[in-house]
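The structure under discussion appears below in the form of structure tokens.
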Amino acid sequence: MSAAPRADFPLLAANPGLVYLDSAATSQKPRVVLDAMRSYYENANANPHRGAYKLSGISTEVYHDARREVARFLGAADADTLIFTRGTTESVNLLATAWGHQHVHRGDRIVVTRLEHHANFVPWQQLARDVGAEFRICELTHDGHVDLDQLRALVTANTKVVAFGHVSNALGTINDVPEIVKIAHAIGAVAFCDGAQGAPHLRVAFDDLEVDAYAFSGHKMLGPMGIGGVIVRRKLLEAMHPYQFGGDMIEFVFDGDTTWNVLPHKFEAGTPNVADAVGLAAAVRYLDALGMGVVRAHEVALSRYALERLAAIDGLHLYGPASAEARSGVVSFTLGDIHPHDVSTMLDVDGVCVRAGHHCAQPLMRALHTNATVRASFYVYNTAADVDALATSLAKAKARFHAHVG
């Protein structure tokens with residue numbers, strides 16, 4: 001059984017033979033999301049915040065309703081601290097630019113983990129290079145978790161920021177967020193969390209997590225591409241300088257100076273992406289209706305079954321935590337001496353869609369002593385039959401490859 005009916009997803013319903021196992025890259029969209037976006041354009045399309053006419057007012061209210069809905073879903077009571085962006089990548093760059101250049105200086109330290117996606121690695125690496133700060137990487141334990149003992153040693157008095165992912169996109173590892181935050185806050189550093197893989201799969205309560213910022217992407221949580229955001233503690237946002245200028249983020253423009261609008265507008269320059277915000281709000285309502293506890297239980301069951309099925313394939317090497325409870329719906333592996341790209345191509349012949357490559361985590365791949373892995377990632381519309389299809393196709397791929405080599 002799936003947690004959500006396949007029929008709810010037009011692309012999957014129209015392609016009954018497709019086994020889609022790449023939701024960690026982007027999820028499929030339920031019809032309610034597509035309908036919500038179309039309804040906005042058909043019934044409420046106007047530029048928000050700009051017009052004194054009724055339709056503009058409707059568009060404005062729809063946009064703010066979407067913000068409140070997404071903030072509620074992520075457990076943030078102060079909806080105005082949710083800044084809409086194009087997604088996690090832009091959110092992290094916002095933090096590294098607007099907060100980082102204001103607060104990180106020569107001699108300070110920035111700490112990230114070996115698990116990070118490039119989007120939560122490179123912005124901090126480049127900030128350190130720009131300002132002369134020290135950039136340090138916390139390594140992993142043998143089973144793919146952040147080495148918390150090493151993290152405690154790395155987070156010294158001169159550390160300004162600890163940046164880490166809630167969940168690894170490459171291994172599925174679920175990090176101990178409260179403990180990482182505790183380590184950062186013990187010396188006064190801020191804790192910035194990349195929630196791109198956390199928000200779609202786990203119940204997130206921002207106000208209880210105690211992180212200073214939590215970034216996310218809509219397209220990984222059943223929403224449209226091009227929308228996401230970051231929730232930031234109000235005191236940090238109010239002290240931060242804007243990083244883009246123009247449009248509704250401005251209060252008054254004088255000949256020699258300009259003042260900034262209140263939150264959240266201060267960090268949302270230009271015309272907002274209303275339709276995608278509406279789509280994202282519809283997506284979180286859909287997830288709410290499923291229940292995030294159900295989503296999580298479904299993924300644990302699928303991951304456990306996948307780990308069992310794949311471990312039985314001779315020559316297949318699994319990466320990441322051994323326990324399904326310690327990971328999200330992600331299973332990464334290599335298959336003997338077959339290049340992951342070749343594995344992916346052969347699986348595609350059978351209609352099985354998986355990701356192959358370094359998964360935007362080259363520093364992690366180096367630590368794993370491999371250039372690439374195959375990644376199968378599950379979500380609410382996947383079933384045990386999809387896992388069976390993956391295992392069967394892998395066995396066929398292995399036979400095909402070695403028959404060809406022979």
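Ordering of the structure tokens sets the chain letters (A, B, ...), residue numbers begin anew at 1 in every chain, and ligands are numbered from 1 in the order given.
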So which bits of region 78-220 of chain A end up strand (DSSP E) when you DSSP the backbone, as a PDB file with C-alpha atoms, in the first residue's frame?
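The result, written out as out_32.pdb:
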ATOM      1  CA  LEU A  82       8.993  32.856   6.689  1.00  0.00           C
ATOM      2  CA  ILE A  83      10.743  34.344   3.674  1.00  0.00           C
ATOM      3  CA  PHE A  84       9.686  32.866   0.340  1.00  0.00           C
ATOM      4  CA  THR A  85      12.570  32.108  -2.016  1.00  0.00           C
ATOM      5  CA  ARG A 109      35.205  29.810  12.122  1.00  0.00           C
ATOM      6  CA  ILE A 110      32.432  28.268  10.024  1.00  0.00           C
ATOM      7  CA  VAL A 111      31.617  24.580  10.570  1.00  0.00           C
ATOM      8  CA  VAL A 112      29.706  22.347   8.161  1.00  0.00           C
ATOM      9  CA  THR A 113      29.348  18.569   8.006  1.00  0.00           C
ATOM     10  CA  GLU A 134      38.302  29.397   8.835  1.00  0.00           C
ATOM     11  CA  PHE A 135      36.192  26.731   7.116  1.00  0.00           C
ATOM     12  CA  ARG A 136      36.056  23.364   8.892  1.00  0.00           C
ATOM     13  CA  ILE A 137      34.300  20.114   8.012  1.00  0.00           C
ATOM     14  CA  CYS A 138      32.954  17.723  10.625  1.00  0.00           C
ATOM     15  CA  THR A 159      32.803  29.692  15.680  1.00  0.00           C
ATOM     16  CA  LYS A 160      30.070  31.897  14.256  1.00  0.00           C
ATOM     17  CA  VAL A 161      27.916  29.422  12.355  1.00  0.00           C
ATOM     18  CA  VAL A 162      27.227  25.699  12.267  1.00  0.00           C
ATOM     19  CA  ALA A 163      25.483  24.716   9.015  1.00  0.00           C
ATOM     20  CA  PHE A 164      24.026  21.238   8.672  1.00  0.00           C
ATOM     21  CA  GLY A 165      21.300  19.274   6.950  1.00  0.00           C
ATOM     22  CA  VAL A 190      24.055  30.220  15.177  1.00  0.00           C
ATOM     23  CA  ALA A 191      22.666  26.934  13.860  1.00  0.00           C
ATOM     24  CA  PHE A 192      21.407  27.008  10.274  1.00  0.00           C
ATOM     25  CA  CYS A 193      19.569  23.901   9.074  1.00  0.00           C
ATOM     26  CA  ASP A 194      19.093  22.760   5.472  1.00  0.00           C
ATOM     27  CA  ALA A 213      17.043  29.189  10.457  1.00  0.00           C
ATOM     28  CA  TYR A 214      15.383  26.340   8.564  1.00  0.00           C
ATOM     29  CA  ALA A 215      15.429  26.264   4.750  1.00  0.00           C
ATOM     30  CA  PHE A 216      13.211  24.131   2.511  1.00  0.00           C
ATOM     31  CA  SER A 217      12.157  23.520  -1.100  1.00  0.00           C
TER      32      SER A 217
END
- Query: Could you pull the residues within 7 Å of Thr173 (chain A), counting only C-alpha atoms, minus those fewer than 3 positions along the same chain, as a ChimeraX atom specification?
  - Reply: /A:144-145,167-168,320-321,326-328
Please produce a file of the residues just selected, as a short mmCIF file (atom, residue, chain, number, x, y, z; two decimals), in the first residue's frame, where the atoms kept are C-alpha atoms.
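The result, stored in selection27.cif:
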data_model
loop_
_atom_site.label_atom_id
_atom_site.label_comp_id
_atom_site.auth_asym_id
_atom_site.auth_seq_id
_atom_site.Cartn_x
_atom_site.Cartn_y
_atom_site.Cartn_z
CA GLY A 144 27.11 7.74 8.01
CA HIS A 145 26.16 9.91 10.97
CA VAL A 167 18.45 14.81 6.43
CA SER A 168 21.18 13.79 3.98
CA GLY A 320 24.46 4.98 5.01
CA PRO A 321 22.78 3.91 8.24
CA ALA A 326 17.80 6.18 11.14
CA ARG A 327 17.23 7.30 7.57
CA SER A 328 14.59 8.86 5.35
#
- Can you list, as a PyMOL selection string, every protein, DNA or RNA residue that comes within 9 Å of Val380 (chain A) when you count only C-alpha atoms, leaving out same-chain residues fewer than 2 positions away? chain A and resi 2-6+290+295-296+298-299+378+382-383
Hey, can you spit out that residue selection with N, CA and C atoms as a PDB file, in the first residue's frame?
ATOM      1  N   SER A   2       0.400   2.288  -0.659  1.00  0.00           N
ATOM      2  CA  SER A   2       1.066   3.583  -0.587  1.00  0.00           C
ATOM      3  C   SER A   2       0.350   4.439   0.447  1.00  0.00           C
ATOM      4  N   ALA A   3       1.023   5.489   0.893  1.00  0.00           N
ATOM      5  CA  ALA A   3       0.386   6.405   1.835  1.00  0.00           C
ATOM      6  C   ALA A   3      -0.595   7.318   1.123  1.00  0.00           C
ATOM      7  N   ALA A   4      -0.390   7.501  -0.187  1.00  0.00           N
ATOM      8  CA  ALA A   4      -1.259   8.355  -0.989  1.00  0.00           C
ATOM      9  C   ALA A   4      -1.646   7.609  -2.262  1.00  0.00           C
ATOM     10  N   PRO A   5      -2.877   7.731  -2.722  1.00  0.00           N
ATOM     11  CA  PRO A   5      -3.295   7.028  -3.942  1.00  0.00           C
ATOM     12  C   PRO A   5      -2.522   7.523  -5.162  1.00  0.00           C
ATOM     13  N   ARG A   6      -2.009   6.586  -5.932  1.00  0.00           N
ATOM     14  CA  ARG A   6      -1.299   6.943  -7.155  1.00  0.00           C
ATOM     15  C   ARG A   6      -2.185   7.765  -8.089  1.00  0.00           C
ATOM     16  N   LEU A 290      -2.829  13.558   4.833  1.00  0.00           N
ATOM     17  CA  LEU A 290      -2.242  12.225   4.965  1.00  0.00           C
ATOM     18  C   LEU A 290      -1.795  11.985   6.404  1.00  0.00           C
ATOM     19  N   VAL A 295       3.126   9.425   6.812  1.00  0.00           N
ATOM     20  CA  VAL A 295       4.178   9.560   5.806  1.00  0.00           C
ATOM     21  C   VAL A 295       5.472   8.923   6.299  1.00  0.00           C
ATOM     22  N   ARG A 296       5.828   9.231   7.512  1.00  0.00           N
ATOM     23  CA  ARG A 296       7.079   8.703   8.076  1.00  0.00           C
ATOM     24  C   ARG A 296       7.015   7.182   8.237  1.00  0.00           C
ATOM     25  N   HIS A 298       5.236   5.051   6.624  1.00  0.00           N
ATOM     26  CA  HIS A 298       5.237   4.442   5.298  1.00  0.00           C
ATOM     27  C   HIS A 298       6.664   4.362   4.744  1.00  0.00           C
ATOM     28  N   GLU A 299       7.422   5.441   4.889  1.00  0.00           N
ATOM     29  CA  GLU A 299       8.792   5.456   4.358  1.00  0.00           C
ATOM     30  C   GLU A 299       9.706   4.515   5.125  1.00  0.00           C
ATOM     31  N   PHE A 378      12.143   7.072  -1.990  1.00  0.00           N
ATOM     32  CA  PHE A 378      10.724   6.751  -1.926  1.00  0.00           C
ATOM     33  C   PHE A 378       9.920   7.912  -1.337  1.00  0.00           C
ATOM     34  N   ASN A 382       4.819   5.650  -3.454  1.00  0.00           N
ATOM     35  CA  ASN A 382       5.521   4.398  -3.747  1.00  0.00           C
ATOM     36  C   ASN A 382       4.978   3.246  -2.921  1.00  0.00           C
ATOM     37  N   THR A 383       5.191   2.021  -3.415  1.00  0.00           N
ATOM     38  CA  THR A 383       4.691   0.813  -2.772  1.00  0.00           C
ATOM     39  C   THR A 383       5.787  -0.240  -2.719  1.00  0.00           C
TER      40      THR A 383
END
- Task: Could you jot down the CA of Asp248 (chain A) to CA of Arg68 (chain A) separation for me, Å, one decimal place?
- Result: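 Between CA of Asp248 (chain A) and CA of Arg68 (chain A) the gap is 18.7 Å.
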- Find, counting only C-alpha atoms, the residue in A:Leu335, A:Val387, A:Val352, A:Leu368 that gets nearest to Glu308 (chain A).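 When distances to Glu308 (chain A) are compared using only C-alpha atoms, the smallest one comes from A:Val387.
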- Just the residues within 10 Å of Gly132 (chain A), please, counting only C-alpha atoms, with nothing from its chain fewer than 6 positions along; format it as a list in words. Val104, His105, Arg106, Gly107, Asp108, Arg109 and Gln126 of chain A
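Compared by their closest atoms to Val232 (chain A), and using only C-alpha atoms, the residues A:Met292, A:Ala281, A:Ile338, A:Ala79 rank with A:Ala79 nearest.
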- Task: For Phe9 (chain A), list every protein, DNA or RNA residue within 9 Å, evaluated using only C-alpha atoms, and leave out those in the same chain fewer than 3 positions away; present the list as a list of chain:residue names.
- Result: A:Pro5, A:Arg6, A:Leu12, A:Ala13, A:Ala14, A:Gln28, A:Lys29, A:Pro30, A:Arg31, A:Val32, A:Tyr381
For the residues in that selection, give me N, CA and C atoms as a tab-separated table (two decimals), in the first residue's frame.
chain	number	residue	atom	x	y	z
A	5	PRO	N	-2.88	7.73	-2.72
A	5	PRO	CA	-3.29	7.03	-3.94
A	5	PRO	C	-2.52	7.52	-5.16
A	6	ARG	N	-2.01	6.59	-5.93
A	6	ARG	CA	-1.30	6.94	-7.16
A	6	ARG	C	-2.19	7.77	-8.09
A	12	LEU	N	1.74	10.10	-12.71
A	12	LEU	CA	1.83	8.68	-12.38
A	12	LEU	C	0.60	7.93	-12.87
A	13	ALA	N	-0.56	8.54	-12.76
A	13	ALA	CA	-1.78	7.90	-13.22
A	13	ALA	C	-1.76	7.67	-14.72
A	14	ALA	N	-1.13	8.60	-15.44
A	14	ALA	CA	-1.07	8.50	-16.90
A	14	ALA	C	0.01	7.53	-17.37
A	28	GLN	N	6.62	14.11	-7.36
A	28	GLN	CA	5.49	14.31	-8.26
A	28	GLN	C	4.44	15.20	-7.58
A	29	LYS	N	3.54	15.77	-8.38
A	29	LYS	CA	2.58	16.75	-7.85
A	29	LYS	C	1.16	16.19	-7.86
A	30	PRO	N	0.47	16.24	-6.76
A	30	PRO	CA	-0.93	15.80	-6.77
A	30	PRO	C	-1.81	16.79	-7.52
A	31	ARG	N	-2.92	16.28	-7.98
A	31	ARG	CA	-3.84	17.11	-8.77
A	31	ARG	C	-4.28	18.36	-8.00
A	32	VAL	N	-4.43	18.26	-6.68
A	32	VAL	CA	-4.91	19.41	-5.91
A	32	VAL	C	-3.93	20.58	-5.99
A	381	TYR	N	3.70	8.01	-2.68
A	381	TYR	CA	3.01	7.27	-3.74
A	381	TYR	C	3.69	5.95	-4.09
- Query: For Gly329 (chain A), which residue among A:Lys220, A:His201, A:Arg67, A:His142 is the nearest when counting only C-alpha atoms?
  - Reply: A:His201
- Task: Identify, on the basis of only C-alpha atoms, every residue whose closest approach to Asn261 (chain A) does not exceed 7 Å; exclude the query and any residue fewer than 5 positions from it along the same chain; express the result as a list in words.
- Result: Met249, Ile250, Glu251 and Lys266 of chain A
Could you turn the residues from that selection into a file that holds N, CA and C atoms, as a compact mmCIF listing (two decimals), in the first residue's frame?
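Final output, out.txt:
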# COMPACT_ATOMS: atom_id res chain seq x y z
N MET A 249 10.12 45.56 -1.14
CA MET A 249 10.97 45.51 0.05
C MET A 249 11.38 46.91 0.49
N ILE A 250 10.97 47.90 -0.26
CA ILE A 250 11.33 49.29 0.03
C ILE A 250 10.19 50.00 0.76
N GLU A 251 10.56 50.81 1.75
CA GLU A 251 9.58 51.66 2.43
C GLU A 251 9.57 53.05 1.79
N LYS A 266 10.83 42.81 3.55
CA LYS A 266 12.21 43.29 3.52
C LYS A 266 13.13 42.38 2.71
- Which neighbours of Leu34 (chain A) fall inside 10 Å, counting only C-alpha atoms, when residues of the same chain fewer than 2 positions from it are skipped, and could you give them as a PyMOL selection string? chain A and resi 9-10+29-32+36-39+223-224+275-276+278-280+282-283
Keeping only C-alpha atoms, write those residues as a short mmCIF file (atom, residue, chain, number, x, y, z; two decimals), in the first residue's frame.
data_model
loop_
_atom_site.label_atom_id
_atom_site.label_comp_id
_atom_site.auth_asym_id
_atom_site.auth_seq_id
_atom_site.Cartn_x
_atom_site.Cartn_y
_atom_site.Cartn_z
CA PHE A 9 -0.86 12.23 -9.19
CA PRO A 10 -1.67 12.90 -12.85
CA LYS A 29 2.58 16.75 -7.85
CA PRO A 30 -0.93 15.80 -6.77
CA ARG A 31 -3.84 17.11 -8.77
CA VAL A 32 -4.91 19.41 -5.91
CA ALA A 36 -4.86 25.35 -6.92
CA MET A 37 -2.32 27.02 -9.18
CA ARG A 38 -4.69 27.05 -12.15
CA SER A 39 -7.49 28.43 -9.97
CA GLY A 223 4.73 21.45 -4.41
CA PRO A 224 5.82 23.24 -7.59
CA ALA A 275 0.86 31.03 -7.91
CA ASP A 276 3.66 28.75 -6.72
CA VAL A 278 -0.54 28.89 -3.56
CA GLY A 279 0.57 25.53 -4.98
CA LEU A 280 2.91 24.96 -2.05
CA ALA A 282 -2.06 23.16 -1.35
CA ALA A 283 0.80 20.64 -1.09
#
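In terms of minimum interatomic distance to Ala66 (chain A), A:Gly228 ranks closest within A:Gly247, A:Gly291, A:Gly228, A:Pro178, counting only C-alpha atoms.
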- Query: When distances are computed from only C-alpha atoms, which of A:Leu202, A:Leu237, A:Ala46, A:Ala170 shows the smallest separation from Gly293 (chain A)?
  - Reply: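 Between A:Leu202, A:Leu237, A:Ala46, A:Ala170, the residue approaching Gly293 (chain A) most closely is A:Leu202.
Our summary of the geometry notes that CA of Leu11 (chain A) is positioned 18.9 Å from CA of Gly226 (chain A).
One finds CA of Pro272 (chain A) at 15.8 Å from CA of Pro242 (chain A).
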- Message: I need the residue nearest Ala44 (chain A) from this list: A:Val155, A:Val146, A:Val274, A:Ala25. Use only C-alpha atoms for the distance.
- Response: A:Val274
